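One structure below.
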There are 8 protein chains.
Amino acid sequence: MSKSNLINNSTKNKSGDHPELKEPVSLKKSVSPIVGIIMGSDSDLPIMKEAARVLNEFEISYEVKIVSAHRTPVEMVEYSQTAQSRGIKVIISGAGGSAHLPGMVASMTSIPVIGVPINNSTNPLNGIDSLYSIIQMPPGIPVATVAINGAKNAGILACSILSISQPYLQRKMNQFKEKMKEDLKLKNAKLEEVGLDKYLKGLQKAQSRR
Amino acid sequence: MSKSNLINNSTKNKSGDHPELKEPVSLKKSVSPIVGIIMGSDSDLPIMKEAARVLNEFEISYEVKIVSAHRTPVEMVEYSQTAQSRGIKVIISGAGGSAHLPGMVASMTSIPVIGVPINNSTNPLNGIDSLYSIIQMPPGIPVATVAINGAKNAGILACSILSISQPYLQRKMNQFKEKMKEDLKLKNAKLEEVGLDKYLKGLQKAQSRR
Amino acid sequence: MSKSNLINNSTKNKSGDHPELKEPVSLKKSVSPIVGIIMGSDSDLPIMKEAARVLNEFEISYEVKIVSAHRTPVEMVEYSQTAQSRGIKVIISGAGGSAHLPGMVASMTSIPVIGVPINNSTNPLNGIDSLYSIIQMPPGIPVATVAINGAKNAGILACSILSISQPYLQRKMNQFKEKMKEDLKLKNAKLEEVGLDKYLKGLQKAQSRR
Amino acid sequence: MSKSNLINNSTKNKSGDHPELKEPVSLKKSVSPIVGIIMGSDSDLPIMKEAARVLNEFEISYEVKIVSAHRTPVEMVEYSQTAQSRGIKVIISGAGGSAHLPGMVASMTSIPVIGVPINNSTNPLNGIDSLYSIIQMPPGIPVATVAINGAKNAGILACSILSISQPYLQRKMNQFKEKMKEDLKLKNAKLEEVGLDKYLKGLQKAQSRR
Amino acid sequence: MSKSNLINNSTKNKSGDHPELKEPVSLKKSVSPIVGIIMGSDSDLPIMKEAARVLNEFEISYEVKIVSAHRTPVEMVEYSQTAQSRGIKVIISGAGGSAHLPGMVASMTSIPVIGVPINNSTNPLNGIDSLYSIIQMPPGIPVATVAINGAKNAGILACSILSISQPYLQRKMNQFKEKMKEDLKLKNAKLEEVGLDKYLKGLQKAQSRR
Amino acid sequence: MSKSNLINNSTKNKSGDHPELKEPVSLKKSVSPIVGIIMGSDSDLPIMKEAARVLNEFEISYEVKIVSAHRTPVEMVEYSQTAQSRGIKVIISGAGGSAHLPGMVASMTSIPVIGVPINNSTNPLNGIDSLYSIIQMPPGIPVATVAINGAKNAGILACSILSISQPYLQRKMNQFKEKMKEDLKLKNAKLEEVGLDKYLKGLQKAQSRR
Amino acid sequence: MSKSNLINNSTKNKSGDHPELKEPVSLKKSVSPIVGIIMGSDSDLPIMKEAARVLNEFEISYEVKIVSAHRTPVEMVEYSQTAQSRGIKVIISGAGGSAHLPGMVASMTSIPVIGVPINNSTNPLNGIDSLYSIIQMPPGIPVATVAINGAKNAGILACSILSISQPYLQRKMNQFKEKMKEDLKLKNAKLEEVGLDKYLKGLQKAQSRR
Amino acid sequence: MSKSNLINNSTKNKSGDHPELKEPVSLKKSVSPIVGIIMGSDSDLPIMKEAARVLNEFEISYEVKIVSAHRTPVEMVEYSQTAQSRGIKVIISGAGGSAHLPGMVASMTSIPVIGVPINNSTNPLNGIDSLYSIIQMPPGIPVATVAINGAKNAGILACSILSISQPYLQRKMNQFKEKMKEDLKLKNAKLEEVGLDKYLKGLQKAQSRR
């Protein structure tokens, strides 16, 4: 694959200037995807959309699909076996409960698979079942696992992996880290200025607005 | 498969008189199996052989295979999709660590799948990872899970399931339960006779002989 | 029991055409039951009704009873010892807390017992107590355990067990699996069509309507 | 029951002078027992013998029986229903794994039942399964649970319960507590005298002699 | 203490006819108590009141006090050392978090101490901290532990312990068990009569009225 | 450092008379701080403010800063390395999730670091991740860890540590303990006076007012 | 770094023919490393050497260093900040106990960091502390976590990540997967040939030889 | 307290030159102790001696006593109430199982109490019971908790606390940290020099010599 299409130039989100990280971004499926975001159920979408959002910010093309290890095993096999030849470089896979999807996909491809243990409010085991199921892979078949519900970090990890051969992305990664640092400095400055009492009231107001 | 070979008459263990439950039994693979015993690694065999031993006792034919969800996913798909047509009635699947095998097989067959979480001495999570991974299946795809390392009970459960349509097996199940009861009565009689001190010494001797 | 009444023809739910899986079904107790659904308390009913709903869908007759291992131990003994002779082929038993019911019933019958660990919102141990109590049975007395609150899967597992000797049920099992697959394909098609943003909004709307 | 046989005078261990707590005591089964010590398997005896040892020290008569909730459920029912009329005042019940015995016995008698979760070296769940199964009883049926493998404390708790109506036992309880205190004072005196270095060497020697 | 005041005749709740178990009962502190109900904080009262309610039903006199091992350690020592001489026969102690109260009290008295691990909604460890802290007592000092938030069972266990020397209480215990059985039979009869659908609707209505 | 500025005399909270412990106190940042309160995110402030509140009560000057081990690692290094020379005597550090802040700060200073594991409502691991991450430090680098969300106790521990060389603070510590004891005595007196029923109603009212 | 030395041609292990996976390989430190293997203590080396072994097999150059987050924090900062400019493409970091190293390194570089939770036999928390500490990173700073003690998979994951831009490595990855499959087929063939009894004896012999 | 006796000049370990950290040090009890090391049982000594060893190294006088919260509660009260007036500045308390000692002592003194959860090989709960029991103290009574079996860090934390008012100890703390850093640098130099293979062999030899 040439550099020119590693970062897909036709993505609609691309623009001349860097998009603000906190701005609402359009999460439409991109063409010519290089990252595959899959999950076992559409109930995982509200969590997994965070991975898509990050890829949008980094202007990396991706696809989103619901692929169930248990309800559509044959489709999962096909997805796993053809992903690399279709141009997918990294797969991000979310799964809850007996979370077999990330490990099964990893067993049928040699591109990196990032696993996201999904926890929802009705799971009595708090996602620990999914965490164990995804991470405890046998020697030979790794899954790069992130925190429970850590879809945002899955997206960032995918960018980090892709950035190895893309100086363009390395710069974006550094900007991203810089921005986090600046956000924190602004908060400290405000805390210093208004004092603890007022800052806490501001937090409460912000929370109640949500 | 016709009823006549549900209980395979050609099994080498079969004999006129009922084999003693505690006697060492030959664990050779039987012909025309109706139970499939599969596991992810041959390191699971020392645990999983207990399922085979029970089926031997109940004179039920079975096959034993190493089928890894992660190292041989395509073979696993084939095994799962053809088991029923090959005459398999129940699948017993052991797996350790991420333990995807039982659930994946269950997703591709409609015969009952019994899952055995395997714990070995080097697993820091004590088999809880395997237990959660096997049992927390999503609605639609059940795995009949037994205790961690509970391969013997997996074998008995398979017999119980098969006994629904086999009066022959129901009698064997009842004899099996009766024998457990008699064993305990003998122990109580001995405890009553020799007293707690001597009984404990006898236990210690038996243990040191192993 | 003859094949003809394995699937009870007089069940009121039966009709010429196959009932839709998602349609509201009547959960009335059937006559001449072949599956026994029992639980330790009527507070378990909102969970355990899912097992009944599945059996309705598969047109398998069942009975529902509250049988407490601790409050009505003698009634539990009687239920366990007579179930097989009354024509029950499989018992589904739900229980919460110190969930002794499934194992105790299994100790007094040789038909398969499926255990459902029940978790309710007031249990500080999240149903792990029930899971351990049901699944860690000693060698000799298995309970086929499903996920915490996995009553739907308990119903499906009962169908799977019964289908071994019922080609009729095997076809239904396959249709059931096919339907799950089709549902997922429709969702993927919609996701492809409307994009991630609109799909998520649709999910939110559906959730707020509940 | 009259006072005279609450503390059984015919027990062989009884003697004019108080037996030393650390001396090896004979653990023979006593006649006319007022405490029942039961357990699910004779493999629990090496743990449960500590309860018997304590009762010997307090010169309280007891019986020891192997009663399995799962292998001999009918015998368990009979034991539970007749214990009180046979003169048993307290039941101490040990159980491992699913550990249903203490709770089931408690459901069929109104005398106090003390539960001892048993952990052995082969249980991957470390006895937490037994602890949860014994202690999480539903409202109405308590089991007085002690620590995992806490059979000695189960014996002491039985004495404490019996001492409510037996001034004789209250004095023994107080002597027992006094002795523990004196033992510790002697250790502190020795530690003060020889210093930390020598004391640690003494501990190591004592341990290597075992 | 003589038998005559073991069951305190002057308690205000006493009346000629047996009070209904489910009726709202007055929870006033009784005079001449034989059971001490203590807890570390008044925030434990909404849980611990269930123990008092049971003792009211069984017409056993009790006292309720807030005794904190950590905030009022000296008062705790005094309470523990004087309880027996004041006529207390059984102590019920609830405690949350680092629940030291039950074990500390047990170290300073020889009467039975029942421990209730308290969990409230803000404890991130779900009361497992309290359970472990209360039950894992060292050899020599037992605490009779009940389920997390199991204050009702603590009350019943106290009755069971007291009933050893009180035939009056034994009869009440048997009536209590009989009542639980009858309640369940009525529920089963209703379930049989109205069917699963209507029964579930009745449950929902009852719940929404609360 | 001289005694005179150990307790900073210029703090705005200081007044002639001792402020009531329960009174709303102003939580403004003090000048010339001797305690550093840091945390990884401003979302930890609603928990960590309790530490500040305690220090206000004890009239100890402090500073509050948001210092993220992961987002501002270089700033964290600088903070840790300069704290002691700026006059900070004790650092209180809260952190949630992969809570690296307290241990990292402790690795770069020799003044005592108190760690507060933070749990918020969205953490599926209930703060156990933070607890383990903070407390399991390797030999050589201790963190004085308090309970999950135990910021108030972190503040008191800081006072206790500072009081070693400050008789002034020792008196305040003793007053603080005395006040806790008195509060409990008042509650017991009220409970004795109004009875359990009325006391519970009072609790409910107080709770609903919040 | 140019492509030509991404796969370092001067590594001593390189040879014309592919080295056997199971053969003892030399684990010498390579020149011009592109993977950094770091760990908090040399006691982690027996686990972490597996990552080095895999990289040897794939002929990828690496460096091995002991970098402690707690004992050498400044060196850790320097290592993290300079790794990328020194040509390191992926960092593999093992850590036990509080396990801050992987996350801290990840906070100071934008190349992918793979975390290996290390468990040794003396850790009472079985490595769960390390797993939680490594994986539960806050949004913005991902660590690609593998199984507890999963150093071999960390090595394979590094290869998989590097293979994205290296067709050479993709072929090796495929060969590696193929080899695992072939190994399993050979085992199945042997199991089929010799039967379960003999196979188990062979396993025991192999184990006792170790 | 004057500087002159904060660091006890009469301690036998004191010498003109700084004692090497790794040298075998005499662990004799010091006179005029300023740190109290207490534990619930002499079986905790092999763990707790590490705290004493650190204090020896830092030439801080200490006392070692066995004080059981449960077997000698009255002695514990006395110890706690008199420690401060006897000149003790910090208390280090180890405890296993229910582990009430640290919290109880903290409730009766205002000097800092450091808690060490003790795990021994026979505890099925791995010391998690002790950790929870020690750390989850209620608001008002903190215990500065260190890692399970973290007695060495308890000693270092005590030094860190004492160093606040002792410049002498601050220098020692810094030397101690420096030494840890140097040790690691030496190891890295050796690893660089001999390579991974030889280094691992050296580790194995060192381990087998123990």
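Quick note on naming: the chains in the structure tokens go A, B, ... in the order shown, residues restart at 1 in each chain, and ligands are numbered from 1 in order of appearance.
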
| message | To test your reading of the structure, identify every residue in segment 61-165 of chain E that backbone DSSP assigns to strand (DSSP E or B), and report it as JSON, numbers by chain. | response | {"E": [62, 63, 64, 65, 66, 90, 91, 92, 93, 94, 95, 96, 113, 114, 115, 116, 117, 118, 144, 145]}

Preceding selection exported with N, CA and C atoms as a PDB file, in the first residue's frame:
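File written: selection.pdb
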ATOM      1  N   TYR E  62     -34.948  -7.284  74.297  1.00  0.00           N
ATOM      2  CA  TYR E  62     -33.634  -6.946  73.737  1.00  0.00           C
ATOM      3  C   TYR E  62     -33.332  -5.475  74.012  1.00  0.00           C
ATOM      4  N   GLU E  63     -32.093  -5.106  73.786  1.00  0.00           N
ATOM      5  CA  GLU E  63     -31.704  -3.694  73.855  1.00  0.00           C
ATOM      6  C   GLU E  63     -31.010  -3.333  72.543  1.00  0.00           C
ATOM      7  N   VAL E  64     -31.070  -2.070  72.140  1.00  0.00           N
ATOM      8  CA  VAL E  64     -30.417  -1.592  70.924  1.00  0.00           C
ATOM      9  C   VAL E  64     -29.472  -0.456  71.293  1.00  0.00           C
ATOM     10  N   LYS E  65     -28.219  -0.578  70.900  1.00  0.00           N
ATOM     11  CA  LYS E  65     -27.239   0.461  71.231  1.00  0.00           C
ATOM     12  C   LYS E  65     -26.287   0.677  70.061  1.00  0.00           C
ATOM     13  N   ILE E  66     -25.813   1.921  69.934  1.00  0.00           N
ATOM     14  CA  ILE E  66     -24.771   2.221  68.949  1.00  0.00           C
ATOM     15  C   ILE E  66     -23.436   2.189  69.676  1.00  0.00           C
ATOM     16  N   VAL E  90     -27.126 -13.395  74.308  1.00  0.00           N
ATOM     17  CA  VAL E  90     -26.623 -13.425  72.929  1.00  0.00           C
ATOM     18  C   VAL E  90     -26.430 -11.980  72.477  1.00  0.00           C
ATOM     19  N   ILE E  91     -25.325 -11.712  71.767  1.00  0.00           N
ATOM     20  CA  ILE E  91     -25.119 -10.372  71.206  1.00  0.00           C
ATOM     21  C   ILE E  91     -25.203 -10.458  69.687  1.00  0.00           C
ATOM     22  N   ILE E  92     -25.992  -9.573  69.083  1.00  0.00           N
ATOM     23  CA  ILE E  92     -26.056  -9.435  67.632  1.00  0.00           C
ATOM     24  C   ILE E  92     -25.354  -8.132  67.290  1.00  0.00           C
ATOM     25  N   SER E  93     -24.305  -8.227  66.448  1.00  0.00           N
ATOM     26  CA  SER E  93     -23.533  -7.028  66.149  1.00  0.00           C
ATOM     27  C   SER E  93     -23.428  -6.812  64.649  1.00  0.00           C
ATOM     28  N   GLY E  94     -23.945  -5.676  64.198  1.00  0.00           N
ATOM     29  CA  GLY E  94     -23.788  -5.298  62.796  1.00  0.00           C
ATOM     30  C   GLY E  94     -22.625  -4.344  62.643  1.00  0.00           C
ATOM     31  N   ALA E  95     -21.947  -4.397  61.482  1.00  0.00           N
ATOM     32  CA  ALA E  95     -20.854  -3.454  61.231  1.00  0.00           C
ATOM     33  C   ALA E  95     -20.543  -3.449  59.740  1.00  0.00           C
ATOM     34  N   GLY E  96     -20.177  -2.254  59.235  1.00  0.00           N
ATOM     35  CA  GLY E  96     -19.817  -2.109  57.821  1.00  0.00           C
ATOM     36  C   GLY E  96     -18.355  -1.759  57.671  1.00  0.00           C
ATOM     37  N   VAL E 113     -21.617 -14.419  69.940  1.00  0.00           N
ATOM     38  CA  VAL E 113     -21.734 -13.159  69.211  1.00  0.00           C
ATOM     39  C   VAL E 113     -22.075 -13.471  67.756  1.00  0.00           C
ATOM     40  N   ILE E 114     -23.176 -12.891  67.287  1.00  0.00           N
ATOM     41  CA  ILE E 114     -23.613 -13.065  65.899  1.00  0.00           C
ATOM     42  C   ILE E 114     -23.217 -11.810  65.131  1.00  0.00           C
ATOM     43  N   GLY E 115     -22.506 -11.979  64.002  1.00  0.00           N
ATOM     44  CA  GLY E 115     -22.036 -10.844  63.224  1.00  0.00           C
ATOM     45  C   GLY E 115     -22.841 -10.638  61.958  1.00  0.00           C
ATOM     46  N   VAL E 116     -23.214  -9.399  61.672  1.00  0.00           N
ATOM     47  CA  VAL E 116     -23.963  -9.051  60.453  1.00  0.00           C
ATOM     48  C   VAL E 116     -23.130  -8.081  59.623  1.00  0.00           C
ATOM     49  N   PRO E 117     -22.531  -8.544  58.510  1.00  0.00           N
ATOM     50  CA  PRO E 117     -21.823  -7.601  57.629  1.00  0.00           C
ATOM     51  C   PRO E 117     -22.828  -6.652  56.999  1.00  0.00           C
ATOM     52  N   ILE E 118     -22.568  -5.345  57.131  1.00  0.00           N
ATOM     53  CA  ILE E 118     -23.514  -4.347  56.612  1.00  0.00           C
ATOM     54  C   ILE E 118     -22.984  -3.771  55.307  1.00  0.00           C
ATOM     55  N   ALA E 144     -20.306 -15.897  64.936  1.00  0.00           N
ATOM     56  CA  ALA E 144     -21.314 -16.600  64.139  1.00  0.00           C
ATOM     57  C   ALA E 144     -21.826 -15.648  63.072  1.00  0.00           C
ATOM     58  N   THR E 145     -21.289 -15.755  61.860  1.00  0.00           N
ATOM     59  CA  THR E 145     -21.574 -14.755  60.845  1.00  0.00           C
ATOM     60  C   THR E 145     -22.753 -15.181  59.972  1.00  0.00           C
TER      61      THR E 145
END

Could you give me, as a tab-separated table, a per-residue list for chain F showing, wherever an atom lies at most 7 Å from an atom of chain G, the closest pair of atoms and their distance in Å to one decimal, using only C-alpha atoms and sorting by chain then residue number from low to high?
residue	atom	partner	partner_atom	distance
F:His70	CA	G:Ser107	CA	4.8
F:Arg71	CA	G:Ser107	CA	6.5
F:Pro73	CA	G:Ser107	CA	6.8
F:Gly97	CA	G:Gln136	CA	5.3
F:Ser98	CA	G:Ser133	CA	4.6
F:Ala99	CA	G:Ser133	CA	6.9
F:His100	CA	G:His100	CA	5.8
F:Met104	CA	G:His70	CA	6.3
F:Ser107	CA	G:His70	CA	4.8
F:Asp129	CA	G:Tyr132	CA	5.1
F:Tyr132	CA	G:Asp129	CA	5.1
F:Ser133	CA	G:Ser98	CA	4.6
F:Ile134	CA	G:Ser98	CA	6.4
F:Gln136	CA	G:Ser98	CA	4.8
F:Met137	CA	G:Ser98	CA	5.2
F:Pro138	CA	G:Gly97	CA	6.8
F:Ile141	CA	G:His70	CA	6.8

Could you give me, as an mmCIF file with C-alpha atoms, in the first residue's frame, the residues within 12 Å of Leu45 of chain B, counting only C-alpha atoms and dropping anything in the same chain fewer than 5 positions from it?
data_model
loop_
_atom_site.group_PDB
_atom_site.id
_atom_site.type_symbol
_atom_site.label_atom_id
_atom_site.label_comp_id
_atom_site.auth_asym_id
_atom_site.auth_seq_id
_atom_site.Cartn_x
_atom_site.Cartn_y
_atom_site.Cartn_z
ATOM 1 C CA LEU B 27 -9.548 -45.217 27.675
ATOM 2 C CA ILE B 37 -14.851 -34.931 23.596
ATOM 3 C CA ILE B 38 -12.767 -32.002 22.379
ATOM 4 C CA MET B 39 -10.288 -29.664 24.012
ATOM 5 C CA GLY B 40 -8.027 -26.804 23.031
ATOM 6 C CA GLU B 50 -12.206 -38.171 33.337
ATOM 7 C CA ALA B 51 -15.080 -37.518 30.929
ATOM 8 C CA ALA B 52 -13.875 -40.371 28.745
ATOM 9 C CA ARG B 53 -13.559 -42.645 31.759
ATOM 10 C CA VAL B 64 -11.433 -37.571 21.580
ATOM 11 C CA LYS B 65 -9.920 -34.749 19.529
ATOM 12 C CA ILE B 66 -7.747 -31.705 20.080
ATOM 13 C CA VAL B 67 -9.545 -28.797 18.426
ATOM 14 C CA SER B 93 -15.601 -29.296 25.299
ATOM 15 C CA GLY B 94 -12.842 -28.399 27.727
ATOM 16 C CA ALA B 95 -10.867 -25.171 27.468
ATOM 17 C CA GLY B 96 -8.565 -23.064 29.624
ATOM 18 C CA VAL B 116 -15.556 -27.649 31.130
ATOM 19 C CA ILE B 118 -9.903 -26.023 32.714
ATOM 20 C CA ASN B 119 -7.551 -24.763 35.397
ATOM 21 C CA ASN B 120 -3.937 -25.768 35.537
ATOM 22 C CA ASN B 149 -12.012 -29.053 36.064
ATOM 23 C CA ALA B 151 -14.750 -33.229 33.436
ATOM 24 C CA LYS G 187 -0.758 -34.410 17.874
ATOM 25 C CA ASN G 188 -4.240 -35.388 16.721
ATOM 26 C CA LEU G 191 -3.695 -39.452 19.528
ATOM 27 C CA GLY G 195 -5.172 -44.064 21.684
ATOM 28 C CA LEU G 196 -5.900 -42.041 24.782
ATOM 29 C CA ASP G 197 -4.170 -44.357 27.279
ATOM 30 C CA LYS G 198 -0.789 -44.376 25.579
ATOM 31 C CA TYR G 199 -0.942 -40.700 24.713
ATOM 32 C CA LEU G 200 -1.469 -39.790 28.343
ATOM 33 C CA LYS G 201 1.489 -41.948 29.381
ATOM 34 C CA GLY G 202 3.606 -40.146 26.814
ATOM 35 C CA LEU G 203 2.537 -36.791 28.245
ATOM 36 C CA GLN G 204 3.482 -37.895 31.753
#

| field | All helix (DSSP H, G or I) residues (DSSP, backbone) inside chain A, as a PyMOL selection string | value | chain A and resi 3-6+42-57+73-82+101-107+128-135+151-163+167-209

Just write the chosen residues, C-alpha atoms, as a compact mmCIF listing (two decimals), in the first residue's frame.
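Okay, this is what ended up in again04.txt:
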# COMPACT_ATOMS: atom_id res chain seq x y z
CA LYS A 3 1.47 6.20 1.63
CA SER A 4 -1.03 8.18 -0.37
CA ASN A 5 -3.94 5.94 0.56
CA LEU A 6 -2.84 4.98 4.05
CA ASP A 42 -25.50 -2.99 18.03
CA SER A 43 -26.03 -2.44 21.76
CA ASP A 44 -22.23 -2.02 21.90
CA LEU A 45 -22.38 0.94 19.49
CA PRO A 46 -22.81 3.72 22.09
CA ILE A 47 -19.49 2.60 23.61
CA MET A 48 -17.67 1.72 20.38
CA LYS A 49 -18.58 4.97 18.63
CA GLU A 50 -15.77 6.57 20.68
CA ALA A 51 -13.22 4.63 18.64
CA ALA A 52 -14.81 5.94 15.45
CA ARG A 53 -14.81 9.46 16.81
CA VAL A 54 -11.05 9.32 17.47
CA LEU A 55 -10.34 7.98 13.98
CA ASN A 56 -12.40 10.82 12.57
CA GLU A 57 -10.31 13.29 14.49
CA PRO A 73 -19.82 -17.28 13.10
CA VAL A 74 -19.46 -17.94 9.38
CA GLU A 75 -19.60 -14.22 8.57
CA MET A 76 -16.99 -13.65 11.29
CA VAL A 77 -14.67 -16.20 9.67
CA GLU A 78 -15.08 -14.52 6.32
CA TYR A 79 -14.52 -11.05 7.77
CA SER A 80 -11.35 -12.16 9.55
CA GLN A 81 -9.88 -13.99 6.59
CA THR A 82 -10.47 -11.20 4.06
CA LEU A 101 -15.02 -11.97 19.02
CA PRO A 102 -11.61 -10.28 19.39
CA GLY A 103 -9.74 -13.52 20.05
CA MET A 104 -11.50 -15.44 17.30
CA VAL A 105 -10.76 -12.73 14.75
CA ALA A 106 -7.14 -12.63 15.91
CA SER A 107 -6.89 -16.36 15.32
CA ILE A 128 -14.68 -8.63 34.23
CA ASP A 129 -16.01 -11.61 32.29
CA SER A 130 -15.29 -9.81 29.02
CA LEU A 131 -11.90 -8.56 30.19
CA TYR A 132 -10.75 -12.06 31.13
CA SER A 133 -12.23 -13.60 28.01
CA ILE A 134 -10.46 -11.15 25.71
CA ILE A 135 -7.08 -10.83 27.40
CA ALA A 151 -13.08 2.33 23.05
CA LYS A 152 -11.53 5.79 22.86
CA ASN A 153 -8.14 4.37 23.79
CA ALA A 154 -8.63 1.57 21.25
CA GLY A 155 -8.94 4.26 18.59
CA ILE A 156 -5.83 6.07 19.82
CA LEU A 157 -3.89 2.81 19.95
CA ALA A 158 -4.85 2.13 16.35
CA CYS A 159 -3.50 5.56 15.40
CA SER A 160 -0.31 4.92 17.34
CA ILE A 161 0.19 1.62 15.50
CA LEU A 162 -0.47 3.21 12.12
CA SER A 163 1.83 6.13 12.94
CA PRO A 167 5.26 10.63 10.03
CA TYR A 168 2.03 12.53 9.34
CA LEU A 169 0.27 10.63 12.11
CA GLN A 170 3.16 10.96 14.51
CA ARG A 171 2.77 14.70 14.35
CA LYS A 172 -0.96 14.38 15.00
CA MET A 173 -0.28 12.09 17.97
CA ASN A 174 2.07 14.66 19.44
CA GLN A 175 -0.47 17.44 18.92
CA PHE A 176 -3.09 15.29 20.62
CA LYS A 177 -0.86 14.76 23.67
CA GLU A 178 0.01 18.45 23.72
CA LYS A 179 -3.65 19.37 23.72
CA MET A 180 -4.38 17.14 26.73
CA LYS A 181 -1.56 18.86 28.59
CA GLU A 182 -2.84 22.32 27.71
CA ASP A 183 -6.37 21.46 28.82
CA LEU A 184 -5.03 20.48 32.22
CA LYS A 185 -2.94 23.62 32.53
CA LEU A 186 -6.00 25.76 31.83
CA LYS A 187 -7.91 23.92 34.54
CA ASN A 188 -5.10 24.44 37.05
CA ALA A 189 -4.96 28.13 36.18
CA LYS A 190 -8.69 28.46 36.74
CA LEU A 191 -8.51 26.51 40.00
CA GLU A 192 -5.72 28.80 41.16
CA GLU A 193 -7.71 31.85 40.17
CA VAL A 194 -11.20 31.11 41.48
CA GLY A 195 -10.30 28.84 44.41
CA LEU A 196 -11.60 25.42 45.34
CA ASP A 197 -15.09 26.51 46.40
CA LYS A 198 -16.02 28.25 43.15
CA TYR A 199 -14.37 25.60 41.01
CA LEU A 200 -16.48 22.89 42.61
CA LYS A 201 -19.64 24.90 42.02
CA GLY A 202 -18.64 25.25 38.39
CA LEU A 203 -18.19 21.48 38.12
CA GLN A 204 -21.63 20.88 39.60
CA LYS A 205 -23.25 23.30 37.17
CA ALA A 206 -21.53 21.68 34.21
CA GLN A 207 -22.68 18.27 35.39
CA SER A 208 -26.30 19.30 35.92
CA ARG A 209 -26.43 20.76 32.42

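For the atom pair formed by atom CA of Ser61 of chain A and atom CA of Gly36 of chain A, the distance is 9.0 Å, given to one decimal.
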